[in-house]
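Pasted below: start_9.txt, compact mmCIF, C-alpha atoms.
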```txt
# COMPACT_ATOMS: atom_id res chain seq x y z
CA MET A 1161 45.70 -11.53 -0.49
CA ARG A 1162 46.79 -9.06 2.16
CA ASN A 1163 46.38 -6.16 -0.22
CA LEU A 1164 42.90 -7.36 -1.06
CA LEU A 1165 41.95 -7.41 2.62
CA ILE A 1166 43.34 -3.90 3.10
CA PHE A 1167 41.41 -2.74 0.05
CA ILE A 1168 38.17 -4.24 1.37
CA THR A 1169 38.57 -2.77 4.86
CA LYS A 1170 39.43 0.63 3.43
CA TYR A 1171 36.28 0.79 1.36
CA ASN A 1172 34.15 -1.32 3.69
CA ALA A 1173 31.22 1.11 3.44
CA PHE A 1174 30.87 0.45 -0.25
CA PHE A 1175 31.03 -3.33 0.03
CA LEU A 1176 28.57 -3.37 2.91
CA PHE A 1177 26.33 -1.17 0.82
CA LEU A 1178 26.47 -3.63 -2.06
CA ILE A 1179 25.61 -6.60 0.15
CA PHE A 1180 22.60 -5.01 1.83
CA GLU A 1181 21.33 -3.27 -1.28
CA ILE A 1182 21.38 -6.45 -3.34
CA THR A 1183 19.62 -8.34 -0.54
CA SER A 1184 16.80 -5.83 -0.32
CA ILE A 1185 16.33 -5.52 -4.06
CA VAL A 1186 16.19 -9.32 -4.37
CA ILE A 1187 13.49 -9.38 -1.69
CA TYR A 1188 11.61 -6.61 -3.47
CA ILE A 1189 11.68 -8.13 -6.93
CA LYS A 1190 10.95 -11.65 -5.74
CA TYR A 1191 7.87 -10.54 -3.86
CA ASN A 1192 6.63 -8.39 -6.70
CA SER A 1193 6.86 -10.97 -9.42
CA PHE A 1194 5.36 -13.94 -7.63
CA GLN A 1195 3.09 -12.35 -5.04
CA LYS A 1196 4.41 -14.94 -2.64
CA ALA A 1197 3.34 -15.02 0.95
CA THR A 1198 6.42 -13.83 2.80
CA PHE A 1199 6.48 -13.13 6.49
CA ILE A 1200 7.19 -9.44 5.84
CA ASN A 1201 3.68 -8.18 5.31
CA SER A 1202 0.82 -6.80 7.31
CA ALA A 1203 -0.90 -10.18 7.64
CA ASN A 1204 1.71 -11.74 9.91
CA ASP A 1205 1.09 -12.18 13.61
CA VAL A 1206 2.86 -9.15 15.02
CA THR A 1207 1.87 -6.49 12.53
CA GLY A 1208 -1.63 -7.93 12.15
CA LYS A 1209 -2.32 -7.75 15.86
CA MET A 1210 -0.91 -4.24 16.14
CA TYR A 1211 -3.10 -3.05 13.29
CA THR A 1212 -6.15 -4.66 14.90
CA ARG A 1213 -5.49 -2.78 18.09
CA ILE A 1214 -4.89 0.63 16.59
CA ASN A 1215 -7.86 0.05 14.34
CA GLY A 1216 -10.09 0.00 17.39
CA LEU A 1217 -9.21 3.63 17.90
CA TYR A 1218 -9.90 4.58 14.27
CA ASP A 1219 -13.25 2.75 14.45
CA TYR A 1220 -14.34 4.80 17.37
CA MET A 1221 -13.76 7.99 15.43
CA SER A 1222 -15.81 6.92 12.43
CA LEU A 1223 -18.71 5.29 14.29
CA LYS A 1224 -21.19 7.78 12.95
CA GLU A 1225 -20.44 7.09 9.28
CA VAL A 1226 -20.49 3.34 9.81
CA ASN A 1227 -23.83 3.62 11.57
CA ASP A 1228 -25.23 5.64 8.71
CA SER A 1229 -24.10 3.20 6.06
CA LEU A 1230 -25.35 0.21 8.05
CA ALA A 1231 -28.72 1.84 8.53
CA ARG A 1232 -28.90 2.54 4.81
CA GLU A 1233 -27.97 -1.03 3.95
CA ASN A 1234 -30.52 -2.34 6.44
CA ALA A 1235 -33.18 -0.26 4.79
CA SER A 1236 -32.33 -1.53 1.32
CA LEU A 1237 -32.21 -5.14 2.52
CA ARG A 1238 -35.59 -4.78 4.18
CA ASN A 1239 -36.99 -3.43 0.92
CA GLN A 1240 -35.77 -6.47 -0.94
CA LEU A 1241 -37.29 -8.78 1.63
CA LYS A 1242 -40.70 -7.21 1.35
CA SER A 1243 -40.77 -7.21 -2.41
CA SER A 1244 -39.77 -10.85 -2.63
CA PHE A 1245 -42.54 -11.75 -0.20
CA TYR A 1246 -45.28 -9.99 -2.12
CA VAL A 1247 -44.31 -10.57 -5.73
CA ASP A 1248 -43.95 -14.33 -6.03
CA THR A 1249 -44.68 -16.58 -3.13
CA VAL A 1250 -44.25 -19.64 -5.34
CA ALA A 1251 -40.65 -18.87 -6.18
CA LYS A 1252 -39.99 -18.18 -2.53
CA HIS A 1253 -41.22 -21.64 -1.67
CA LYS A 1254 -38.93 -23.19 -4.22
CA VAL A 1255 -35.81 -21.59 -2.75
CA ALA A 1256 -36.08 -23.88 0.22
CA ASP A 1257 -36.15 -26.76 -2.27
CA SER A 1258 -32.95 -28.07 -3.81
CA VAL A 1259 -33.71 -26.55 -7.20
CA TYR A 1260 -31.38 -23.65 -6.52
CA LYS A 1261 -27.89 -24.23 -5.29
CA VAL A 1262 -26.00 -21.47 -3.57
CA GLN A 1263 -23.33 -20.28 -5.97
CA TYR A 1264 -21.97 -17.28 -4.16
CA GLU A 1265 -21.37 -17.17 -0.45
CA TYR A 1266 -20.46 -13.97 1.36
CA THR A 1267 -18.27 -13.62 4.43
CA VAL A 1268 -18.27 -10.26 6.15
CA ALA A 1269 -14.83 -8.97 7.19
CA LYS A 1270 -13.47 -5.87 8.79
CA VAL A 1271 -10.75 -3.77 7.19
CA ILE A 1272 -7.88 -3.42 9.65
CA ASN A 1273 -5.31 -1.84 7.36
CA ASN A 1274 -5.79 0.13 4.19
CA SER A 1275 -3.76 2.45 2.01
CA VAL A 1276 -4.69 4.55 -1.01
CA ASN A 1277 -1.59 6.62 -1.71
CA HIS A 1278 0.93 4.10 -3.06
CA SER A 1279 1.23 2.84 -6.59
CA ASN A 1280 0.23 -0.66 -5.38
CA ASN A 1281 -2.27 -0.62 -2.57
CA TYR A 1282 -3.27 -3.55 -0.37
CA ILE A 1283 -5.97 -3.99 2.24
CA THR A 1284 -5.68 -6.28 5.25
CA ILE A 1285 -8.87 -7.85 6.61
CA ASN A 1286 -9.49 -9.71 9.86
CA ARG A 1287 -10.64 -13.00 8.31
CA GLY A 1288 -8.31 -15.78 7.25
CA SER A 1289 -8.15 -19.44 6.31
CA LYS A 1290 -9.90 -20.27 9.58
CA ASP A 1291 -13.01 -18.52 8.25
CA GLY A 1292 -12.83 -20.15 4.83
CA ILE A 1293 -11.03 -17.37 2.99
CA ALA A 1294 -8.78 -18.59 0.16
CA VAL A 1295 -6.47 -16.92 -2.33
CA GLY A 1296 -8.26 -15.68 -5.45
CA MET A 1297 -11.63 -14.84 -3.92
CA GLY A 1298 -13.23 -11.53 -4.83
CA VAL A 1299 -13.94 -8.80 -2.30
CA ILE A 1300 -16.86 -6.35 -2.45
CA SER A 1301 -18.34 -3.80 -0.10
CA ASN A 1302 -21.89 -2.47 -0.01
CA GLY A 1303 -20.90 0.18 -2.56
CA GLY A 1304 -19.23 -2.02 -5.16
CA ILE A 1305 -16.15 -4.10 -5.94
CA VAL A 1306 -13.02 -3.72 -3.83
CA GLY A 1307 -10.39 -6.22 -5.01
CA LYS A 1308 -9.24 -9.81 -4.69
CA VAL A 1309 -7.53 -11.87 -2.00
CA VAL A 1310 -3.79 -12.48 -2.62
CA ASN A 1311 -2.40 -13.73 0.71
CA VAL A 1312 -4.06 -15.69 3.51
CA THR A 1313 -2.83 -16.52 6.99
CA GLU A 1314 -4.83 -18.19 9.72
CA HIS A 1315 -6.53 -15.05 11.02
CA PHE A 1316 -5.84 -12.41 8.40
CA ALA A 1317 -5.87 -11.95 4.65
CA ASN A 1318 -4.30 -9.46 2.24
CA VAL A 1319 -6.52 -8.03 -0.46
CA GLN A 1320 -5.06 -6.52 -3.61
CA SER A 1321 -7.18 -3.42 -3.82
CA MET A 1322 -8.73 -1.96 -6.98
CA LEU A 1323 -6.15 0.80 -6.46
CA ASN A 1324 -3.28 -1.38 -7.67
CA LYS A 1325 -1.47 -1.30 -10.99
CA ASP A 1326 -1.91 -5.05 -11.44
CA THR A 1327 -5.63 -5.24 -10.68
CA ARG A 1328 -7.88 -5.88 -13.67
CA PHE A 1329 -11.51 -6.99 -13.65
CA SER A 1330 -13.91 -7.75 -16.45
CA VAL A 1331 -16.83 -5.29 -16.43
CA MET A 1332 -19.63 -4.14 -18.73
CA LEU A 1333 -21.74 -1.09 -19.43
CA VAL A 1334 -25.11 -1.58 -17.81
CA ASN A 1335 -27.29 -0.56 -20.77
CA ASN A 1336 -25.90 -2.30 -23.85
CA LYS A 1337 -23.79 -4.96 -22.08
CA GLU A 1338 -20.56 -4.01 -23.89
CA ILE A 1339 -17.63 -5.77 -22.23
CA GLY A 1340 -14.36 -4.12 -21.20
CA TYR A 1341 -11.95 -4.29 -18.34
CA ILE A 1342 -11.38 -1.86 -15.51
CA ARG A 1343 -8.08 -0.81 -14.05
CA TRP A 1344 -6.80 2.00 -11.87
CA GLY A 1345 -6.11 5.37 -13.53
CA ASP A 1346 -2.59 6.61 -14.17
CA ASP A 1347 -2.68 9.66 -11.93
CA MET A 1348 -3.16 7.68 -8.70
CA ASN A 1349 -6.44 9.35 -7.81
CA PRO A 1350 -8.20 6.97 -5.36
CA HIS A 1351 -11.62 7.79 -6.86
CA LYS A 1352 -10.94 7.34 -10.58
CA GLY A 1353 -10.39 4.26 -12.72
CA LEU A 1354 -10.17 3.56 -16.44
CA LEU A 1355 -12.54 1.38 -18.43
CA MET A 1356 -10.49 -0.06 -21.28
CA ASP A 1357 -10.99 -1.97 -24.52
CA VAL A 1358 -14.68 -1.38 -25.07
CA ASN A 1359 -15.95 -2.11 -28.56
CA ASN A 1360 -16.14 0.97 -30.81
CA ASN A 1361 -19.83 0.34 -31.51
CA ALA A 1362 -20.79 0.93 -27.92
CA GLN A 1363 -22.60 4.18 -27.31
CA PRO A 1364 -21.70 5.09 -23.74
CA ARG A 1365 -23.43 7.95 -22.02
CA LEU A 1366 -22.02 10.18 -19.32
CA GLY A 1367 -23.14 8.97 -15.89
CA GLU A 1368 -23.95 5.46 -17.12
CA ALA A 1369 -23.32 2.75 -14.54
CA VAL A 1370 -20.50 0.22 -15.00
CA VAL A 1371 -21.12 -3.22 -13.44
CA THR A 1372 -19.25 -6.51 -13.20
CA SER A 1373 -19.72 -8.82 -16.17
CA GLY A 1374 -19.79 -12.17 -14.40
CA TYR A 1375 -16.68 -13.33 -16.28
CA SER A 1376 -14.60 -12.46 -13.21
CA LEU A 1377 -14.68 -13.55 -9.57
CA PHE A 1378 -17.87 -11.63 -8.89
CA PRO A 1379 -21.54 -12.28 -9.54
CA ALA A 1380 -22.71 -10.29 -12.59
CA GLY A 1381 -24.22 -6.89 -12.05
CA ILE A 1382 -22.28 -5.66 -9.05
CA MET A 1383 -21.76 -1.92 -9.19
CA VAL A 1384 -18.27 -0.68 -10.08
CA GLY A 1385 -18.78 3.02 -10.76
CA ARG A 1386 -20.15 5.60 -13.16
CA LEU A 1387 -18.69 7.05 -16.36
CA THR A 1388 -17.40 10.57 -15.78
CA ASP A 1389 -15.30 11.18 -18.90
CA LEU A 1390 -15.80 9.54 -22.29
CA HIS A 1391 -12.55 10.68 -23.91
CA PRO A 1392 -9.50 10.51 -21.68
CA LYS A 1393 -6.19 10.51 -23.57
CA GLY A 1394 -5.00 7.24 -25.09
CA GLY A 1395 -7.20 4.66 -26.73
CA GLY A 1396 -7.25 3.96 -30.46
CA ILE A 1397 -8.91 0.98 -32.00
CA SER A 1398 -11.14 0.66 -28.91
CA LEU A 1399 -12.84 3.06 -26.54
CA ASN A 1400 -11.37 4.05 -23.20
CA MET A 1401 -13.44 5.81 -20.57
CA GLU A 1402 -12.89 7.30 -17.15
CA VAL A 1403 -14.91 5.78 -14.31
CA THR A 1404 -15.53 7.19 -10.86
CA PHE A 1405 -15.57 4.31 -8.39
CA SER A 1406 -18.72 3.89 -6.35
CA VAL A 1407 -16.64 2.67 -3.40
CA ASP A 1408 -14.81 5.33 -1.42
CA PHE A 1409 -11.53 3.50 -0.79
CA THR A 1410 -10.35 6.17 1.63
CA LYS A 1411 -13.17 5.30 4.05
CA LEU A 1412 -13.43 1.53 3.69
CA GLN A 1413 -14.59 -0.16 6.93
CA TYR A 1414 -16.41 -3.43 6.24
CA VAL A 1415 -16.14 -5.65 3.18
CA ASP A 1416 -17.68 -8.94 2.00
CA VAL A 1417 -15.51 -11.74 0.64
CA VAL A 1418 -17.24 -13.54 -2.24
CA ASP A 1419 -16.78 -17.29 -2.45
CA ASN A 1420 -17.81 -18.59 -5.85
CA LYS A 1421 -18.71 -22.21 -5.10
CA PHE A 1422 -18.49 -23.23 -8.73
CA ALA A 1423 -15.17 -21.49 -9.47
CA LYS A 1424 -13.15 -24.71 -9.15
CA GLU A 1425 -15.51 -26.63 -11.36
CA GLN A 1426 -15.45 -23.88 -13.99
CA GLU A 1427 -11.67 -23.65 -13.90
CA GLY A 1428 -11.35 -27.40 -14.23
CA LEU A 1429 -13.66 -27.42 -17.22
CA GLU A 1430 -11.82 -24.60 -18.94
CA ALA A 1431 -8.47 -26.24 -18.27
CA LEU A 1432 -9.81 -29.40 -19.89
CA GLN A 1433 -10.79 -27.43 -22.96
CA LYS A 1434 -7.31 -25.92 -23.18
CA LYS A 1435 -5.80 -29.37 -23.09
CA ASP A 1436 -7.98 -30.42 -25.99
CA ASP A 1437 -6.79 -27.46 -28.07
CA MET B 1330 26.89 3.86 26.12
CA ILE B 1331 23.79 2.25 27.63
CA ARG B 1332 22.10 5.62 27.51
CA THR B 1333 22.84 6.05 23.79
CA VAL B 1334 21.43 2.60 22.97
CA LEU B 1335 18.32 3.27 25.04
CA VAL B 1336 17.70 6.70 23.52
CA ASN B 1337 18.04 5.30 19.99
CA LEU B 1338 15.80 2.34 20.76
CA ILE B 1339 13.06 4.62 22.05
CA ARG B 1340 13.53 6.90 19.07
CA PHE B 1341 13.21 3.93 16.70
CA ILE B 1342 9.97 2.66 18.26
CA LEU B 1343 8.49 6.15 18.43
CA LEU B 1344 9.33 7.01 14.82
CA VAL B 1345 8.02 3.70 13.48
CA PHE B 1346 4.77 4.20 15.40
CA ILE B 1347 4.35 7.75 14.14
CA GLN B 1348 5.15 6.66 10.57
CA VAL B 1349 2.85 3.64 10.50
CA PHE B 1350 -0.15 4.81 12.45
CA LEU B 1351 -0.19 8.52 11.71
CA LEU B 1352 1.83 9.61 8.68
CA LYS B 1353 0.76 6.60 6.60
CA ASN B 1354 -2.71 8.10 6.44
CA ILE B 1355 -1.53 11.55 5.39
CA THR B 1356 -1.25 12.54 1.75
CA LEU B 1357 -1.41 16.13 0.59
CA TYR B 1358 -3.11 16.65 -2.79
CA ASN B 1359 -2.42 13.00 -3.69
CA LEU B 1360 1.26 13.91 -4.01
CA ALA B 1361 3.16 14.60 -0.81
CA THR B 1362 3.62 11.64 1.55
CA PRO B 1363 6.09 12.21 4.40
CA TYR B 1364 8.53 9.46 5.40
CA LEU B 1365 9.73 10.80 8.73
CA TYR B 1366 11.08 7.44 9.96
CA ILE B 1367 14.41 8.00 8.16
CA LEU B 1368 15.16 10.54 10.91
CA PHE B 1369 16.20 7.53 13.01
CA ILE B 1370 19.06 6.73 10.60
CA LEU B 1371 19.97 10.42 10.31
CA LEU B 1372 20.30 10.83 14.07
CA LEU B 1373 22.44 7.75 14.85
CA PRO B 1374 25.69 8.77 16.63
CA PHE B 1375 28.71 9.71 14.47
CA GLU B 1376 30.74 6.84 15.86
CA THR B 1377 28.37 4.09 14.77
CA PRO B 1378 30.47 1.48 12.92
CA ASN B 1379 29.62 1.12 9.24
CA ILE B 1380 28.39 -2.46 9.52
CA LEU B 1381 26.05 -1.57 12.38
CA LEU B 1382 24.79 1.46 10.49
CA PHE B 1383 23.94 -0.61 7.42
CA ALA B 1384 22.34 -3.36 9.47
CA LEU B 1385 20.21 -0.86 11.38
CA ALA B 1386 19.18 0.89 8.15
CA PHE B 1387 18.23 -2.48 6.64
CA ILE B 1388 16.19 -3.49 9.71
CA THR B 1389 14.45 -0.11 9.86
CA GLY B 1390 13.52 -0.43 6.21
CA LEU B 1391 12.21 -3.96 6.64
CA THR B 1392 10.14 -2.93 9.67
CA ILE B 1393 8.46 -0.20 7.66
CA ASP B 1394 8.05 -2.62 4.74
CA ALA B 1395 6.22 -5.08 6.98
CA PHE B 1396 3.61 -2.46 7.71
CA TYR B 1397 3.47 -1.06 4.18
CA ASP B 1398 3.30 -4.48 2.45
CA THR B 1399 6.25 -3.66 0.20
CA PRO B 1400 9.02 -6.12 1.20
CA GLY B 1401 12.45 -4.80 0.25
CA LEU B 1402 11.38 -1.41 -1.09
CA HIS B 1403 12.06 0.72 1.98
CA ALA B 1404 14.98 -1.51 2.96
CA ALA B 1405 16.71 -0.76 -0.35
CA ALA B 1406 16.11 2.98 -0.01
CA CYS B 1407 17.34 2.98 3.61
CA VAL B 1408 20.57 1.14 2.75
CA LEU B 1409 21.26 3.74 0.06
CA LEU B 1410 20.52 6.41 2.64
CA ALA B 1411 23.12 4.89 4.97
CA LEU B 1412 25.77 5.04 2.24
CA VAL B 1413 24.97 8.69 1.46
CA ARG B 1414 25.11 9.46 5.17
CA ILE B 1415 28.63 7.99 5.48
CA LEU B 1416 29.85 9.96 2.44
CA PHE B 1417 28.23 13.22 3.57
CA ILE B 1418 29.64 13.00 7.08
CA SER B 1419 33.13 12.07 5.88
CA ILE B 1420 33.13 15.16 3.64
CA THR B 1421 31.67 17.75 6.02
CA VAL B 1422 32.67 16.72 9.57
CA GLN B 1423 36.21 16.44 10.95
CA LYS B 1424 36.90 13.14 12.67
CA ASP B 1425 38.60 14.59 15.78
CA GLY B 1426 35.50 16.66 16.54
CA PHE B 1427 33.51 13.54 17.45
CA ASP B 1428 34.27 13.78 21.18
CA ASN B 1429 32.24 16.89 21.80
CA GLU B 1430 29.74 16.36 18.97
CA PRO B 1431 28.32 12.88 19.54
CA GLU B 1432 25.14 13.01 17.44
CA PRO B 1433 24.17 14.89 14.28
CA THR B 1434 21.16 16.63 15.84
CA LEU B 1435 19.92 20.12 15.12
CA SER B 1436 20.86 21.48 18.54
CA ILE B 1437 24.44 20.17 18.38
CA MET B 1438 25.37 20.82 14.75
CA GLY B 1439 23.53 24.09 14.15
CA PHE B 1440 20.69 24.94 11.81
CA ARG B 1441 22.62 25.40 8.55
CA TRP B 1442 24.53 22.14 8.69
CA PHE B 1443 21.49 20.16 9.77
CA LEU B 1444 19.30 21.62 7.02
CA THR B 1445 21.83 20.67 4.31
CA TYR B 1446 22.32 17.25 5.86
CA ALA B 1447 18.60 16.49 6.13
CA LEU B 1448 17.86 17.88 2.66
CA VAL B 1449 20.59 15.96 0.82
CA LEU B 1450 19.87 12.65 2.54
CA THR B 1451 16.10 12.96 2.18
CA LEU B 1452 16.39 13.79 -1.52
CA PHE B 1453 18.52 10.70 -2.17
CA HIS B 1454 16.21 8.44 -0.15
CA HIS B 1455 12.97 9.71 -1.67
CA PHE B 1456 14.30 9.77 -5.23
CA PHE B 1457 15.34 6.15 -4.99
CA LEU B 1458 12.17 5.13 -3.13
CA PHE B 1459 9.66 6.68 -5.50
CA ASN B 1460 11.42 5.53 -8.63
CA LEU B 1461 11.81 2.00 -7.35
CA GLU B 1462 8.15 1.96 -6.37
CA ALA B 1463 6.93 3.23 -9.73
CA PHE B 1464 9.60 1.29 -11.70
CA ASN B 1465 8.31 2.93 -14.81
CA LEU B 1466 9.57 5.81 -16.94
CA SER B 1467 6.23 6.60 -18.58
CA GLN B 1468 4.94 8.45 -15.51
CA ILE B 1469 8.28 10.11 -14.73
CA GLN B 1470 6.77 13.60 -14.47
CA TYR B 1471 4.27 12.46 -11.89
CA THR B 1472 6.89 10.47 -9.95
CA LEU B 1473 9.25 13.45 -9.88
CA SER B 1474 6.62 15.84 -8.60
CA ARG B 1475 5.74 13.31 -5.88
CA PHE B 1476 9.42 13.01 -5.01
CA VAL B 1477 10.05 16.78 -4.73
CA LEU B 1478 6.91 17.60 -2.75
CA SER B 1479 7.29 14.61 -0.42
CA SER B 1480 10.93 15.51 0.24
CA LEU B 1481 9.95 19.05 1.20
CA PHE B 1482 7.24 17.70 3.50
CA THR B 1483 9.64 15.23 5.16
CA VAL B 1484 12.39 17.84 5.68
CA PHE B 1485 9.83 20.23 7.13
CA LEU B 1486 8.72 17.60 9.65
CA MET B 1487 12.37 16.84 10.51
CA LEU B 1488 13.08 20.50 11.24
CA VAL B 1489 9.93 20.77 13.33
CA SER B 1490 10.91 17.72 15.40
CA GLY B 1491 14.49 19.06 15.65
CA LEU B 1492 13.27 22.38 17.02
CA LEU B 1493 10.85 20.59 19.32
CA PHE B 1494 13.74 18.81 21.08
CA TYR B 1495 16.11 21.77 20.84
CA ARG B 1496 18.48 22.12 23.80
CA ARG B 1497 20.48 25.33 23.82
CA LYS B 1498 23.04 24.26 26.42
CA GLU B 1499 24.51 21.49 24.30
CA ARG B 1500 25.88 23.92 21.71
CA LYS B 1501 29.50 24.84 22.43
```
Can the structure in the file be given as structure tokens, please?
Amino acid sequence: MRNLLIFITKYNAFFLFLIFEITSIVIYIKYNSFQKATFINSANDVTGKMYTRINGLYDYMSLKEVNDSLARENASLRNQLKSSFYVDTVAKHKVADSVYKVQYEYTVAKVINNSVNHSNNYITINRGSKDGIAVGMGVISNGGIVGKVVNVTEHFANVQSMLNKDTRFSVMLVNNKEIGYIRWGDDMNPHKGLLMDVNNNAQPRLGEAVVTSGYSLFPAGIMVGRLTDLHPKGGGISLNMEVTFSVDFTKLQYVDVVDNKFAKEQEGLEALQKKDD
Amino acid sequence: MIRTVLVNLIRFILLVFIQVFLLKNITLYNLATPYLYILFILLLPFETPNILLFALAFITGLTIDAFYDTPGLHAAACVLLALVRILFISITVQKDGFDNEPEPTLSIMGFRWFLTYALVLTLFHHFFLFNLEAFNLSQIQYTLSRFVLSSLFTVFLMLVSGLLFYRRKERK
């Protein structure tokens, strides 16, 4: 027993190393495999508040770009308004009726923390459960899709960005509606993604738009990006293509969280079907 | 004693701030990301007890993890860094010299020793960090190039900060 104690004190560095190393690796692996909400992330009170504060400074420096994009969005929204007024006044009248139910609801949120240079990137936004954000909702910006919500606290939420190895969304080619899924490219370029598993019969063209298919968290037809390379390496029985994202993740400022009102109902229905099988 | 604690506390806060609010946004050519915060562990006094050293390394790692949303990743790399630090110092520095050489800074230990020290420790830390983050052998080439370039970037920043706080009088 005494010899054992002497042995341990003599090589105490190594044993201490083992204890701390195992602790940290357990934390790392546990978080990674379950995506659990732990207190060590940028949505907790302390780090969240600090990010909000420093973000004020960053905002100030990019006011011009934000102004430009807001003005552009304003213009496009105004265009839509006008056209809907002139084209069909009847349909407009019906919207106020209960014929149409709102399926998607958008909540605007501000990005207070963002990264693009890790192999798994997350975004923190300044809306949380208090504002009706829940885990699993999709996130878009005025350029296109951004990611999905993975953690929610009262005032903040973590978004798993498109620039994350685990992010996959169902998308389609805009012209012939061929379905595939999009994921981030292998070389960690924040502007490029890969469109995978498209049917061989599809005839994609360079520069063709890729949009959401409506099988995912998003309404159908939301812009994802444009095809920039039809034959990246890999692929075999199906087509793989390189996509340039329409959202510039390095300059993300404001995003919209999409709440699909019918998601629960749809999930329940599909779960029922599984049970029957 | 109080002075040493205070200096290290300020250094910790300063380095974490620089890392999280400045260096986090810097990436050269999509490859080189500096992790300057490990300078805090490098510059702890020689006489720090092992248990305190490991605990501080673990806490530093977790603090960075909280901001980077990667719980455990930086903590694991920092704990490894602490072990390498203990081994490196026990090999290269004589124990009785601790009285007049309290901290392993550039101005006290000289340029050559500090460069080797910073380089070896940074290489270990970054190698472990990048491989644990990727956790994947299929992109090993890419991970390795990230590791080498980031290490060079980090060591460069360490030398710059060392020269910035260089005090000639301390050298005996």
Rank B:Cys1407, B:Leu1461, B:Leu1473, B:Leu1481 by their smallest atom-to-atom distance to Thr1392 in chain B, using only C-alpha atoms, and report the top residue only.
-> B:Cys1407
Residue neighbourhood Val1413 in chain B, 9 Å, all atoms listed in the file, exclusion window fewer than 6 positions, as a ChimeraX atom specification | /B:1449-1450,1453-1454
Just need the residues of chain B within 10 Å of chain A, counting all atoms listed in the file, so spit them out as a PyMOL selection string.
-> chain B and resi 1349-1350+1353-1362+1378-1384+1386-1387+1390-1413+1415-1416+1459+1461-1464+1467-1468+1471-1472
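Considering the residues B:Thr1434, B:Asn1465, B:Thr1451, B:Thr1445 and counting only C-alpha atoms, Phe1494 in chain B has its shortest atom-to-atom contact with B:Thr1434.
Our summary of the geometry notes that CA of Val1407 in chain A is positioned 5.0 Å from CA of Gly1303 in chain A.
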Compile the contact shell of Ala1369 in chain A as number ranges by chain: residues with an atom at most 8 Å away, counting all atoms listed in the file, same-chain residues fewer than 5 positions apart removed.
-> A: 1333-1334, 1383-1387
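You will find CA of Val1306 in chain A at 16.0 Å from CA of Ala1294 in chain A.
Distance check against Ser1406 in chain A using all atoms listed in the file: of A:Pro1379, A:Gly1304, A:Gly1345, A:Gly1340, the minimum falls on A:Gly1304.
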Distance of CA of Gly1292 in chain A from CA of Val1312 in chain A, expressed in Å to one decimal place | 9.9 Å
So which one's closest to Val1331 in chain A, A:Gln1433, A:Ser1373, A:Asn1400, A:Thr1267? Using all atoms listed in the file, please.
-> A:Ser1373
Would you mind listing what lies within 6 Å of Asp1419 in chain A as number ranges by chain, with all atoms listed in the file counted and same-chain residues fewer than 5 positions away left out?
-> A: 1264-1265, 1297
